file coords36.json (JSON, C-alpha atoms and all ligand atoms)
[["chain", "number", "residue", "atom", "x", "y", "z"],
["A", 152, "MET", "CA", 14.50, -65.98, 16.73],
["A", 153, "GLU", "CA", 13.46, -62.57, 18.06],
["A", 154, "THR", "CA", 12.01, -60.69, 15.10],
["A", 155, "THR", "CA", 13.69, -57.47, 16.28],
["A", 156, "SER", "CA", 17.07, -58.89, 15.22],
["A", 157, "ILE", "CA", 15.95, -60.27, 11.84],
["A", 158, "GLN", "CA", 17.80, -58.86, 8.86],
["A", 159, "ILE", "CA", 15.84, -58.73, 5.63],
["A", 160, "ALA", "CA", 17.22, -58.04, 2.15],
["A", 161, "ILE", "CA", 14.84, -57.11, -0.66],
["A", 162, "VAL", "CA", 16.15, -57.42, -4.23],
["A", 163, "GLY", "CA", 14.06, -55.11, -6.44],
["A", 164, "ALA", "CA", 12.49, -51.89, -5.19],
["A", 165, "GLY", "CA", 9.65, -51.58, -7.68],
["A", 166, "ASN", "CA", 5.92, -51.63, -6.95],
["A", 167, "MET", "CA", 6.07, -54.77, -4.81],
["A", 168, "GLY", "CA", 9.58, -54.66, -3.31],
["A", 169, "GLY", "CA", 9.21, -50.95, -2.50],
["A", 170, "ALA", "CA", 5.83, -51.51, -0.85],
["A", 171, "ILE", "CA", 7.18, -54.44, 1.19],
["A", 172, "ALA", "CA", 10.12, -52.34, 2.42],
["A", 173, "ARG", "CA", 7.92, -49.37, 3.31],
["A", 174, "GLY", "CA", 5.25, -51.56, 4.92],
["A", 175, "LEU", "CA", 7.70, -53.54, 7.04],
["A", 176, "SER", "CA", 9.44, -50.35, 8.13],
["A", 177, "LYS", "CA", 6.07, -49.00, 9.34],
["A", 178, "GLY", "CA", 5.21, -52.31, 11.05],
["A", 179, "GLN", "CA", 6.22, -53.67, 14.42],
["A", 180, "LEU", "CA", 8.18, -56.82, 13.55],
["A", 181, "ILE", "CA", 11.23, -55.69, 11.60],
["A", 182, "GLN", "CA", 13.33, -52.70, 12.51],
["A", 183, "SER", "CA", 13.96, -50.26, 9.64],
["A", 184, "LYS", "CA", 17.70, -50.42, 10.31],
["A", 185, "ASN", "CA", 17.51, -54.17, 9.60],
["A", 186, "ILE", "CA", 15.96, -53.68, 6.15],
["A", 187, "ARG", "CA", 18.23, -53.55, 3.07],
["A", 188, "VAL", "CA", 17.02, -52.95, -0.44],
["A", 189, "SER", "CA", 18.74, -53.17, -3.82],
["A", 190, "ASP", "CA", 17.71, -52.07, -7.30],
["A", 191, "VAL", "CA", 19.32, -51.10, -10.58],
["A", 192, "SER", "CA", 17.28, -47.89, -10.43],
["A", 193, "GLN", "CA", 18.82, -45.22, -8.18],
["A", 194, "ALA", "CA", 15.54, -43.26, -8.37],
["A", 195, "ASN", "CA", 13.66, -46.18, -6.80],
["A", 196, "LEU", "CA", 16.27, -46.45, -4.05],
["A", 197, "ASP", "CA", 16.14, -42.70, -3.42],
["A", 198, "ALA", "CA", 12.36, -42.95, -2.98],
["A", 199, "ILE", "CA", 12.80, -45.66, -0.31],
["A", 200, "LYS", "CA", 15.47, -43.63, 1.45],
["A", 201, "ALA", "CA", 13.23, -40.56, 1.43],
["A", 202, "PHE", "CA", 10.46, -42.64, 3.03],
["A", 203, "ALA", "CA", 12.64, -44.26, 5.73],
["A", 204, "PRO", "CA", 16.24, -42.99, 6.00],
["A", 205, "GLU", "CA", 17.17, -45.90, 8.31],
["A", 206, "ILE", "CA", 16.70, -48.42, 5.50],
["A", 207, "THR", "CA", 19.98, -49.34, 3.76],
["A", 208, "VAL", "CA", 19.82, -49.05, -0.03],
["A", 209, "SER", "CA", 22.34, -50.27, -2.60],
["A", 210, "THR", "CA", 22.71, -50.93, -6.30],
["A", 211, "SER", "CA", 24.56, -54.14, -5.39],
["A", 212, "ASN", "CA", 22.37, -57.22, -4.91],
["A", 213, "ARG", "CA", 25.38, -59.13, -3.60],
["A", 214, "ASP", "CA", 26.09, -56.53, -0.90],
["A", 215, "ILE", "CA", 22.62, -56.53, 0.60],
["A", 216, "ILE", "CA", 22.13, -60.30, 0.81],
["A", 217, "ARG", "CA", 25.26, -60.95, 2.89],
["A", 218, "ASN", "CA", 24.19, -62.12, 6.39],
["A", 219, "ALA", "CA", 20.52, -61.46, 5.68],
["A", 220, "ASP", "CA", 18.17, -63.92, 7.40],
["A", 221, "ILE", "CA", 15.48, -63.46, 4.75],
["A", 222, "ILE", "CA", 16.09, -62.60, 1.10],
["A", 223, "VAL", "CA", 13.05, -61.40, -0.85],
["A", 224, "LEU", "CA", 13.26, -61.63, -4.63],
["A", 225, "ALA", "CA", 10.98, -58.85, -5.89],
["A", 226, "VAL", "CA", 12.03, -58.64, -9.52],
["A", 227, "LYS", "CA", 10.11, -59.57, -12.67],
["A", 228, "PRO", "CA", 9.83, -63.35, -13.21],
["A", 229, "TRP", "CA", 12.29, -63.42, -16.12],
["A", 230, "LEU", "CA", 14.98, -61.81, -13.92],
["A", 231, "VAL", "CA", 14.88, -64.42, -11.16],
["A", 232, "GLU", "CA", 17.33, -66.66, -13.01],
["A", 233, "ILE", "CA", 19.79, -63.79, -13.59],
["A", 234, "ILE", "CA", 19.61, -62.77, -9.92],
["A", 235, "SER", "CA", 20.08, -66.39, -8.81],
["A", 236, "GLU", "CA", 23.28, -66.65, -10.90],
["A", 237, "GLU", "CA", 24.50, -63.40, -9.36],
["A", 238, "ILE", "CA", 23.93, -64.30, -5.70],
["A", 239, "GLU", "CA", 23.92, -68.10, -5.59],
["A", 240, "ASN", "CA", 27.56, -68.57, -4.49],
["A", 241, "LEU", "CA", 27.06, -66.24, -1.50],
["A", 242, "LEU", "CA", 24.04, -68.02, -0.07],
["A", 243, "ASP", "CA", 24.06, -70.14, 3.08],
["A", 244, "TYR", "CA", 21.11, -72.49, 2.67],
["A", 245, "LYS", "CA", 21.35, -73.64, 6.29],
["A", 246, "LYS", "CA", 20.70, -70.12, 7.59],
["A", 247, "GLN", "CA", 19.03, -68.01, 4.92],
["A", 248, "ILE", "CA", 15.40, -68.12, 3.80],
["A", 249, "ILE", "CA", 14.59, -67.17, 0.21],
["A", 250, "VAL", "CA", 11.20, -65.62, -0.51],
["A", 251, "SER", "CA", 10.23, -65.23, -4.16],
["A", 252, "ILE", "CA", 7.25, -63.09, -5.12],
["A", 253, "ALA", "CA", 7.70, -63.77, -8.84],
["A", 254, "ALA", "CA", 4.37, -64.87, -10.27],
["A", 255, "GLY", "CA", 4.49, -68.21, -12.08],
["A", 256, "VAL", "CA", 8.02, -69.21, -10.99],
["A", 257, "ASP", "CA", 7.33, -72.43, -9.12],
["A", 258, "PHE", "CA", 9.33, -74.40, -6.55],
["A", 259, "ALA", "CA", 10.53, -76.83, -9.23],
["A", 260, "GLN", "CA", 12.18, -73.89, -11.05],
["A", 261, "LEU", "CA", 13.42, -72.24, -7.84],
["A", 262, "THR", "CA", 15.09, -75.41, -6.56],
["A", 263, "GLY", "CA", 16.72, -75.75, -9.99],
["A", 264, "LEU", "CA", 18.08, -72.19, -9.72],
["A", 265, "PHE", "CA", 19.07, -72.41, -6.05],
["A", 266, "SER", "CA", 19.18, -75.82, -4.36],
["A", 267, "THR", "CA", 16.84, -78.61, -3.32],
["A", 268, "ASP", "CA", 18.26, -77.95, 0.18],
["A", 269, "ALA", "CA", 17.10, -74.31, 0.16],
["A", 270, "THR", "CA", 14.34, -73.08, 2.46],
["A", 271, "LEU", "CA", 12.02, -71.41, -0.01],
["A", 272, "PHE", "CA", 8.80, -69.46, 0.12],
["A", 273, "ARG", "CA", 6.61, -68.22, -2.67],
["A", 274, "VAL", "CA", 4.50, -65.20, -1.75],
["A", 275, "ILE", "CA", 1.89, -63.76, -4.10],
["A", 276, "PRO", "CA", 0.74, -60.33, -2.90],
["A", 277, "ASN", "CA", -1.52, -57.84, -4.63],
["A", 278, "THR", "CA", -0.97, -54.15, -5.29],
["A", 279, "ALA", "CA", -2.88, -53.14, -2.14],
["A", 280, "ILE", "CA", 0.32, -54.10, -0.31],
["A", 281, "ASP", "CA", 1.17, -50.44, -0.96],
["A", 282, "VAL", "CA", -1.47, -49.47, 1.64],
["A", 283, "MET", "CA", -0.88, -52.53, 3.85],
["A", 284, "GLN", "CA", -4.13, -54.13, 2.67],
["A", 285, "SER", "CA", -2.70, -56.92, 0.54],
["A", 286, "VAL", "CA", -3.93, -60.45, 0.19],
["A", 287, "SER", "CA", -0.64, -62.33, 0.37],
["A", 288, "THR", "CA", -0.82, -66.02, -0.45],
["A", 289, "ILE", "CA", 2.12, -68.03, 0.81],
["A", 290, "SER", "CA", 3.52, -71.50, 0.07],
["A", 291, "SER", "CA", 6.58, -73.04, 1.66],
["A", 292, "PHE", "CA", 9.25, -75.56, 0.64],
["A", 293, "ASN", "CA", 11.63, -77.23, 3.14],
["A", 294, "ALA", "CA", 10.41, -74.85, 5.88],
["A", 295, "GLY", "CA", 9.69, -75.66, 9.51],
["A", 296, "LYS", "CA", 6.60, -74.45, 11.36],
["A", 297, "GLU", "CA", 8.52, -71.62, 13.01],
["A", 298, "GLN", "CA", 9.80, -70.36, 9.66],
["A", 299, "GLU", "CA", 6.29, -70.57, 8.18],
["A", 300, "ASP", "CA", 4.88, -68.63, 11.15],
["A", 301, "LEU", "CA", 7.58, -65.99, 10.71],
["A", 302, "ILE", "CA", 6.92, -65.39, 7.01],
["A", 303, "VAL", "CA", 3.14, -65.43, 7.54],
["A", 304, "SER", "CA", 3.48, -62.91, 10.39],
["A", 305, "LEU", "CA", 5.58, -60.55, 8.24],
["A", 306, "PHE", "CA", 3.05, -60.52, 5.41],
["A", 307, "ALA", "CA", 0.14, -60.35, 7.88],
["A", 308, "GLU", "CA", 1.55, -56.92, 8.78],
["A", 309, "LEU", "CA", 0.96, -55.92, 5.17],
["A", 310, "GLY", "CA", -2.67, -57.08, 4.95],
["A", 311, "LYS", "CA", -4.01, -60.64, 5.24],
["A", 312, "ALA", "CA", -1.80, -63.69, 4.70],
["A", 313, "PHE", "CA", -2.96, -67.17, 3.70],
["A", 314, "LEU", "CA", -0.64, -70.20, 3.90],
["A", 315, "VAL", "CA", -1.67, -72.68, 1.19],
["A", 316, "PRO", "CA", -0.18, -75.65, -0.68],
["A", 317, "GLU", "CA", 1.62, -74.59, -3.87],
["A", 318, "SER", "CA", -1.05, -76.40, -5.91],
["A", 319, "GLN", "CA", -3.55, -73.70, -4.80],
["A", 320, "LEU", "CA", -1.30, -70.67, -5.19],
["A", 321, "ASN", "CA", -2.36, -69.84, -8.73],
["A", 322, "ALA", "CA", -6.06, -69.97, -7.90],
["A", 323, "PHE", "CA", -5.49, -67.55, -5.01],
["A", 324, "MET", "CA", -3.44, -65.34, -7.35],
["A", 325, "SER", "CA", -6.30, -65.20, -9.84],
["A", 326, "LEU", "CA", -8.80, -64.33, -7.08],
["A", 327, "SER", "CA", -6.72, -61.68, -5.32],
["A", 328, "SER", "CA", -3.74, -60.44, -7.36],
["A", 329, "CYS", "CA", -5.65, -60.36, -10.65],
["A", 330, "GLY", "CA", -8.89, -59.93, -8.70],
["A", 331, "ILE", "CA", -8.00, -56.45, -7.56],
["A", 332, "ALA", "CA", -7.99, -55.38, -11.23],
["A", 333, "TYR", "CA", -11.42, -56.96, -11.66],
["A", 334, "ALA", "CA", -12.68, -55.05, -8.62],
["A", 335, "PHE", "CA", -11.37, -51.82, -10.17],
["A", 336, "ARG", "CA", -13.13, -52.66, -13.44],
["A", 337, "TYR", "CA", -16.44, -53.05, -11.52],
["A", 338, "ILE", "CA", -15.81, -49.68, -9.89],
["A", 339, "ARG", "CA", -15.15, -48.11, -13.29],
["A", 340, "ALA", "CA", -18.26, -49.67, -14.84],
["A", 341, "ALA", "CA", -20.50, -48.61, -11.96],
["A", 342, "THR", "CA", -19.04, -45.10, -12.04],
["A", 343, "GLU", "CA", -19.73, -44.84, -15.77],
["A", 344, "GLY", "CA", -23.30, -45.99, -15.15],
["A", 345, "GLY", "CA", -23.64, -43.22, -12.59],
["A", 346, "VAL", "CA", -22.34, -40.64, -15.05],
["A", 347, "GLU", "CA", -24.83, -41.79, -17.67],
["A", 348, "MET", "CA", -27.57, -41.20, -15.09],
["A", 349, "GLY", "CA", -26.32, -37.62, -14.61],
["A", 350, "ILE", "CA", -23.90, -37.80, -11.66],
["A", 351, "TYR", "CA", -20.44, -36.19, -11.85],
["A", 352, "PRO", "CA", -17.68, -38.85, -12.24],
["A", 353, "HIS", "CA", -15.81, -37.93, -9.05],
["A", 354, "VAL", "CA", -19.05, -38.03, -7.04],
["A", 355, "ALA", "CA", -20.16, -41.30, -8.68],
["A", 356, "LYS", "CA", -16.78, -42.89, -7.86],
["A", 357, "GLU", "CA", -17.06, -41.81, -4.23],
["A", 358, "VAL", "CA", -20.57, -43.27, -4.03],
["A", 359, "VAL", "CA", -19.44, -46.57, -5.58],
["A", 360, "ILE", "CA", -16.45, -46.84, -3.23],
["A", 361, "GLN", "CA", -18.56, -46.20, -0.14],
["A", 362, "THR", "CA", -21.18, -48.67, -1.40],
["A", 363, "LEU", "CA", -18.50, -51.36, -1.71],
["A", 364, "ARG", "CA", -17.05, -50.48, 1.70],
["A", 365, "GLY", "CA", -20.55, -50.86, 3.20],
["A", 366, "ALA", "CA", -21.04, -54.21, 1.43],
["A", 367, "ILE", "CA", -17.74, -55.52, 2.79],
["A", 368, "GLU", "CA", -18.46, -54.32, 6.32],
["A", 369, "LEU", "CA", -21.92, -55.93, 6.29],
["A", 370, "LEU", "CA", -20.52, -59.26, 5.09],
["A", 371, "GLU", "CA", -17.85, -59.18, 7.76],
["A", 372, "ALA", "CA", -20.11, -57.94, 10.59],
["A", 373, "ASN", "CA", -22.85, -60.49, 9.85],
["A", 374, "ASN", "CA", -20.52, -63.26, 8.63],
["A", 375, "SER", "CA", -23.21, -63.84, 6.02],
["A", 376, "HIS", "CA", -23.44, -65.14, 2.47],
["A", 377, "PRO", "CA", -23.70, -62.36, -0.16],
["A", 378, "GLU", "CA", -27.09, -63.69, -1.27],
["A", 379, "VAL", "CA", -28.47, -63.22, 2.28],
["A", 380, "GLU", "CA", -27.50, -59.55, 2.10],
["A", 381, "ILE", "CA", -28.93, -59.30, -1.44],
["A", 382, "ASP", "CA", -32.28, -60.67, -0.19],
["A", 383, "LYS", "CA", -32.45, -57.74, 2.26],
["A", 384, "VAL", "CA", -32.16, -55.29, -0.66],
["A", 385, "THR", "CA", -34.50, -56.83, -3.19],
["A", 386, "THR", "CA", -38.04, -55.59, -2.45],
["A", 387, "PRO", "CA", -40.48, -57.96, -4.17],
["A", 388, "GLY", "CA", -41.52, -56.36, -7.44],
["A", 389, "GLY", "CA", -38.97, -53.62, -6.74],
["A", 390, "ILE", "CA", -36.18, -52.11, -8.77],
["A", 391, "THR", "CA", -33.11, -53.97, -7.44],
["A", 392, "ILE", "CA", -34.27, -57.36, -8.70],
["A", 393, "LYS", "CA", -34.90, -55.81, -12.10],
["A", 394, "GLY", "CA", -31.31, -54.55, -12.16],
["A", 395, "LEU", "CA", -29.84, -57.86, -10.96],
["A", 396, "ASN", "CA", -31.81, -59.89, -13.50],
["A", 397, "GLU", "CA", -30.74, -57.54, -16.30],
["A", 398, "MET", "CA", -27.08, -57.87, -15.20],
["A", 399, "GLU", "CA", -27.33, -61.66, -15.13],
["A", 400, "ALA", "CA", -29.07, -61.69, -18.53],
["A", 401, "ASN", "CA", -25.97, -59.88, -19.76],
["A", 402, "GLY", "CA", -23.70, -62.51, -18.24],
["A", 403, "PHE", "CA", -22.43, -60.77, -15.09],
["A", 404, "SER", "CA", -21.67, -63.82, -12.87],
["A", 405, "ASN", "CA", -20.61, -65.88, -15.86],
["A", 406, "ALA", "CA", -18.21, -63.13, -17.02],
["A", 407, "VAL", "CA", -16.63, -62.84, -13.56],
["A", 408, "ILE", "CA", -16.15, -66.61, -13.20],
["A", 409, "LYS", "CA", -14.84, -67.01, -16.75],
["A", 410, "GLY", "CA", -12.46, -64.07, -16.25],
["A", 411, "LEU", "CA", -11.09, -65.58, -13.04],
["A", 412, "LYS", "CA", -10.60, -68.94, -14.72],
["A", 413, "ALA", "CA", -8.92, -67.32, -17.74],
["A", 414, "SER", "CA", -6.34, -65.81, -15.39],
["A", 415, "HIS", "CA", -5.80, -69.11, -13.53],
["A", 416, "LEU", "CA", -2.30, -70.33, -14.45],
["A", 417, "LYS", "CA", -2.23, -74.09, -14.89],
["B", 501, "LIG", "N1", 2.16, -56.35, -9.83],
["B", 501, "LIG", "C1", 1.39, -57.28, -9.29],
["B", 501, "LIG", "O1", 0.17, -57.13, -9.13],
["B", 501, "LIG", "C2", 2.02, -58.55, -8.81],
["B", 501, "LIG", "C3", 3.35, -58.81, -9.04],
["B", 501, "LIG", "N2", 3.90, -59.96, -8.62],
["B", 501, "LIG", "C4", 5.30, -60.22, -8.90],
["B", 501, "LIG", "O2", 6.09, -59.24, -8.25],
["B", 501, "LIG", "C5", 7.33, -59.14, -8.93],
["B", 501, "LIG", "C6", 7.74, -57.69, -9.01],
["B", 501, "LIG", "O3", 6.71, -57.00, -9.71],
["B", 501, "LIG", "P1", 6.59, -55.42, -9.63],
["B", 501, "LIG", "O4", 7.09, -54.93, -8.32],
["B", 501, "LIG", "O5", 5.23, -55.10, -10.07],
["B", 501, "LIG", "O6", 7.67, -55.03, -10.76],
["B", 501, "LIG", "P2", 8.50, -53.67, -10.89],
["B", 501, "LIG", "O7", 8.98, -53.61, -12.29],
["B", 501, "LIG", "O8", 7.71, -52.52, -10.36],
["B", 501, "LIG", "O9", 9.73, -53.91, -9.90],
["B", 501, "LIG", "C7", 10.84, -54.68, -10.21],
["B", 501, "LIG", "C8", 12.06, -53.90, -9.79],
["B", 501, "LIG", "O10", 13.20, -54.69, -10.07],
["B", 501, "LIG", "C9", 14.25, -53.81, -10.44],
["B", 501, "LIG", "N3", 15.29, -54.56, -11.12],
["B", 501, "LIG", "C10", 15.41, -54.85, -12.45],
["B", 501, "LIG", "N4", 16.55, -55.53, -12.67],
["B", 501, "LIG", "C11", 17.15, -55.69, -11.47],
["B", 501, "LIG", "C12", 18.36, -56.32, -11.04],
["B", 501, "LIG", "N5", 19.15, -56.95, -11.92],
["B", 501, "LIG", "N6", 18.68, -56.27, -9.75],
["B", 501, "LIG", "C13", 17.87, -55.63, -8.84],
["B", 501, "LIG", "N7", 16.73, -55.03, -9.18],
["B", 501, "LIG", "C14", 16.37, -55.06, -10.48],
["B", 501, "LIG", "C15", 13.55, -52.79, -11.32],
["B", 501, "LIG", "O11", 14.31, -51.60, -11.46],
["B", 501, "LIG", "C16", 12.26, -52.58, -10.55],
["B", 501, "LIG", "O12", 12.34, -51.51, -9.64],
["B", 501, "LIG", "C17", 7.15, -59.81, -10.29],
["B", 501, "LIG", "O13", 7.90, -61.00, -10.35],
["B", 501, "LIG", "C18", 5.66, -60.10, -10.36],
["B", 501, "LIG", "O14", 5.40, -61.34, -11.03],
["B", 501, "LIG", "C19", 3.21, -60.89, -7.90],
["B", 501, "LIG", "C20", 1.89, -60.68, -7.62],
["B", 501, "LIG", "C21", 1.19, -59.50, -8.06],
["B", 502, "LIG", "O1", -0.93, -60.01, -14.47],
["B", 502, "LIG", "C1", 0.01, -60.69, -14.05],
["B", 502, "LIG", "O2", 0.55, -61.54, -14.76],
["B", 502, "LIG", "C2", 0.55, -60.45, -12.66],
["B", 502, "LIG", "C3", 0.37, -61.65, -11.80],
["B", 502, "LIG", "C4", -0.75, -61.33, -10.86],
["B", 502, "LIG", "C5", -0.98, -59.91, -11.03],
["B", 502, "LIG", "N1", -0.22, -59.42, -11.98]]

call {"tool": "encode", "arguments": {"input": "coords36.json", "output": "structure tokens"}}
result
Amino acid sequence: METTSIQIAIVGAGNMGGAIARGLSKGQLIQSKNIRVSDVSQANLDAIKAFAPEITVSTSNRDIIRNADIIVLAVKPWLVEIISEEIENLLDYKKQIIVSIAAGVDFAQLTGLFSTDATLFRVIPNTAIDVMQSVSTISSFNAGKEQEDLIVSLFAELGKAFLVPESQLNAFMSLSSCGIAYAFRYIRAATEGGVEMGIYPHVAKEVVIQTLRGAIELLEANNSHPEVEIDKVTTPGGITIKGLNEMEANGFSNAVIKGLKASHLK
């Protein structure tokens, strides 16, 4: 199917649904006039309309899903069941693809709510989808290669997309969707360290951000292991190794790994 004719309906225009609608409308694959969004909050719909007037908005979930090729469920996990009851009798499982971004709602639950015949995707983005820099981890159920390629290509417009078996989805979610919060916590900690050493907070934050950007660009440009880049910094007998050893003595790597594992849904 030509992507220019694809109709997409997004149920829930909050942080994630709103960002997906805005991102796709800025991208090349889906035309804004083919994007429909519903929410119980008129304010959220007004915000989408203000961003892209060509997007159709509605407070009726049932209205927007009619004839949509792809239906994205972007509501909180505990609302997926309520939405499924509301729209289920309108769905055509032979034609329509359902994409759920609800964290922790697995295919076993989704097939129970919809049908074992449904073509389903689970997509786990992170909040950087708002700036089209998400990690979106994708699993499929009953989907053909073409359908998988389509969903991956849509989310690749909003950052990077990884297609993985459902058994790995929660580990990816811990690393990227929770991981973005852990990255922010590092930035906060480093900024506070800078302030303690006498640097203004806004300057310290800028320095930390640019330091991280540089680290990422080096890793990508050199395709290297982080430890290789660390070896280039640590002058023998110098100050960096003192700092690293002090951080490790205080459990830095252990804390990061334990935090990731604590957020890994089993
Ligand atoms: N926030 C995050 O970092 C991540 C969130 N997710 C998942 O994304 C989903 C959405 O999360 P957020 O966008 O952060 O939540 P949100 O609360 O910002 O957005 C949900 C939207 O659904 C709307 N809504 C409520 N009841 C509705 C109904 N009956 N019909 C239509 N719309 C309705 C709300 O008004 C709200 O705008 C959740 O299931 C969450 O598990 C997944 C990965 C990461
Ligand atoms: O904290 C949570 O439960 C959700 C899932 C991943 C990011 N936020």

call {"tool": "residues_around", "arguments": {"input": "coords36.json", "residues": "segment 166-183 of chain A", "least_positions_apart": "6", "cutoff": "6 Å", "atoms": "only C-alpha atoms", "output": "ChimeraX atom specification"}}
result
/A:154-155,205-206,225,281

call {"tool": "closest_residue", "arguments": {"input": "coords36.json", "among": "A:Thr278, A:Thr386, A:Asn293, A:Ser404", "to": "ligand LIG 502 (chain B)", "atoms": "only C-alpha atoms and all ligand atoms"}}
result
A:Thr278

call {"tool": "axis_aligned_box", "arguments": {"input": "coords36.json", "around": "ligand LIG 502 (chain B)", "padding_each_side": "5 Å", "output": "AutoDock Vina command-line options"}}
result
--center_x -0.2 --center_y -60.5 --center_z -12.8 --size_x 11.5 --size_y 12.2 --size_z 13.9

call {"tool": "atom_distance", "arguments": {"input": "coords36.json", "atom1": "atom CA of Pro276 of chain A", "atom2": "atom CA of Ser211 of chain A"}}
result
24.7 Å

call {"tool": "closest_atom_pairs", "arguments": {"input": "coords36.json", "of": "chain A", "to": "ligand LIG 502 (chain B)", "cutoff": "9 Å", "atoms": "only C-alpha atoms and all ligand atoms", "output": "CSV"}}
result
residue,atom,partner,partner_atom,distance
A:Ala253,CA,B:LIG502,C3,8.2
A:Ala254,CA,B:LIG502,C3,5.4
A:Gly255,CA,B:LIG502,C3,7.8
A:Ile275,CA,B:LIG502,C4,7.7
A:Pro276,CA,B:LIG502,C4,8.2
A:Asn277,CA,B:LIG502,C5,6.7
A:Thr278,CA,B:LIG502,C5,8.1
A:Asn321,CA,B:LIG502,C4,8.9
A:Met324,CA,B:LIG502,C4,6.0
A:Ser325,CA,B:LIG502,C4,6.8
A:Ser327,CA,B:LIG502,C4,8.2
A:Ser328,CA,B:LIG502,C5,4.6
A:Cys329,CA,B:LIG502,C5,4.7
A:Gly330,CA,B:LIG502,C5,8.2
A:Ile331,CA,B:LIG502,C5,8.6
A:Ala332,CA,B:LIG502,C5,8.3
A:Ser414,CA,B:LIG502,O1,8.0

call {"tool": "write_last_selection", "arguments": {"input": "coords36.json", "atoms": "C-alpha atoms", "output": "mmCIF file, in the frame of the given file"}}
result
data_model
loop_
_atom_site.group_PDB
_atom_site.id
_atom_site.type_symbol
_atom_site.label_atom_id
_atom_site.label_comp_id
_atom_site.auth_asym_id
_atom_site.auth_seq_id
_atom_site.Cartn_x
_atom_site.Cartn_y
_atom_site.Cartn_z
ATOM 1 C CA ALA A 253 7.700 -63.770 -8.840
ATOM 2 C CA ALA A 254 4.370 -64.870 -10.270
ATOM 3 C CA GLY A 255 4.490 -68.210 -12.080
ATOM 4 C CA ILE A 275 1.890 -63.760 -4.100
ATOM 5 C CA PRO A 276 0.740 -60.330 -2.900
ATOM 6 C CA ASN A 277 -1.520 -57.840 -4.630
ATOM 7 C CA THR A 278 -0.970 -54.150 -5.290
ATOM 8 C CA ASN A 321 -2.360 -69.840 -8.730
ATOM 9 C CA MET A 324 -3.440 -65.340 -7.350
ATOM 10 C CA SER A 325 -6.300 -65.200 -9.840
ATOM 11 C CA SER A 327 -6.720 -61.680 -5.320
ATOM 12 C CA SER A 328 -3.740 -60.440 -7.360
ATOM 13 C CA CYS A 329 -5.650 -60.360 -10.650
ATOM 14 C CA GLY A 330 -8.890 -59.930 -8.700
ATOM 15 C CA ILE A 331 -8.000 -56.450 -7.560
ATOM 16 C CA ALA A 332 -7.990 -55.380 -11.230
ATOM 17 C CA SER A 414 -6.340 -65.810 -15.390
#

call {"tool": "closest_residue", "arguments": {"input": "coords36.json", "among": "A:Asn240, A:Asp197, A:Ile338, A:Asn405", "to": "Thr362 of chain A", "atoms": "all atoms listed in the file"}}
result
A:Ile338

call {"tool": "atom_distance", "arguments": {"input": "coords36.json", "atom1": "atom CA of Ile186 of chain A", "atom2": "atom CA of Ile161 of chain A"}}
result
7.7 Å

call {"tool": "decode", "arguments": {"input": "coords36.json", "residues": "segment 217-248 of chain A", "atoms": "C-alpha atoms", "output": "short mmCIF file (atom, residue, chain, number, x, y, z; two decimals), in the first residue's frame"}}
result
data_model
loop_
_atom_site.label_atom_id
_atom_site.label_comp_id
_atom_site.auth_asym_id
_atom_site.auth_seq_id
_atom_site.Cartn_x
_atom_site.Cartn_y
_atom_site.Cartn_z
CA ARG A 217 -13.96 3.96 11.06
CA ASN A 218 -12.03 3.04 7.86
CA ALA A 219 -8.66 3.70 9.49
CA ASP A 220 -5.89 1.40 8.25
CA ILE A 221 -3.94 1.73 11.50
CA ILE A 222 -5.45 2.35 14.93
CA VAL A 223 -3.01 3.47 17.63
CA LEU A 224 -4.13 2.99 21.23
CA ALA A 225 -2.30 5.72 23.17
CA VAL A 226 -4.22 5.68 26.44
CA LYS A 227 -3.09 4.58 29.90
CA PRO A 228 -2.83 0.78 30.27
CA TRP A 229 -5.92 0.48 32.48
CA LEU A 230 -8.05 2.19 29.79
CA VAL A 231 -7.20 -0.24 26.99
CA GLU A 232 -9.95 -2.64 28.05
CA ILE A 233 -12.56 0.16 28.18
CA ILE A 234 -11.53 1.41 24.73
CA SER A 235 -11.61 -2.14 23.33
CA GLU A 236 -15.20 -2.58 24.56
CA GLU A 237 -16.11 0.74 22.96
CA ILE A 238 -14.65 0.09 19.50
CA GLU A 239 -14.49 -3.70 19.17
CA ASN A 240 -17.73 -4.16 17.19
CA LEU A 241 -16.60 -1.63 14.56
CA LEU A 242 -13.27 -3.27 13.81
CA ASP A 243 -12.46 -5.18 10.63
CA TYR A 244 -9.62 -7.50 11.61
CA LYS A 245 -8.94 -8.42 7.98
CA LYS A 246 -8.10 -4.81 7.09
CA GLN A 247 -7.20 -2.86 10.20
CA ILE A 248 -3.95 -2.98 12.16
#
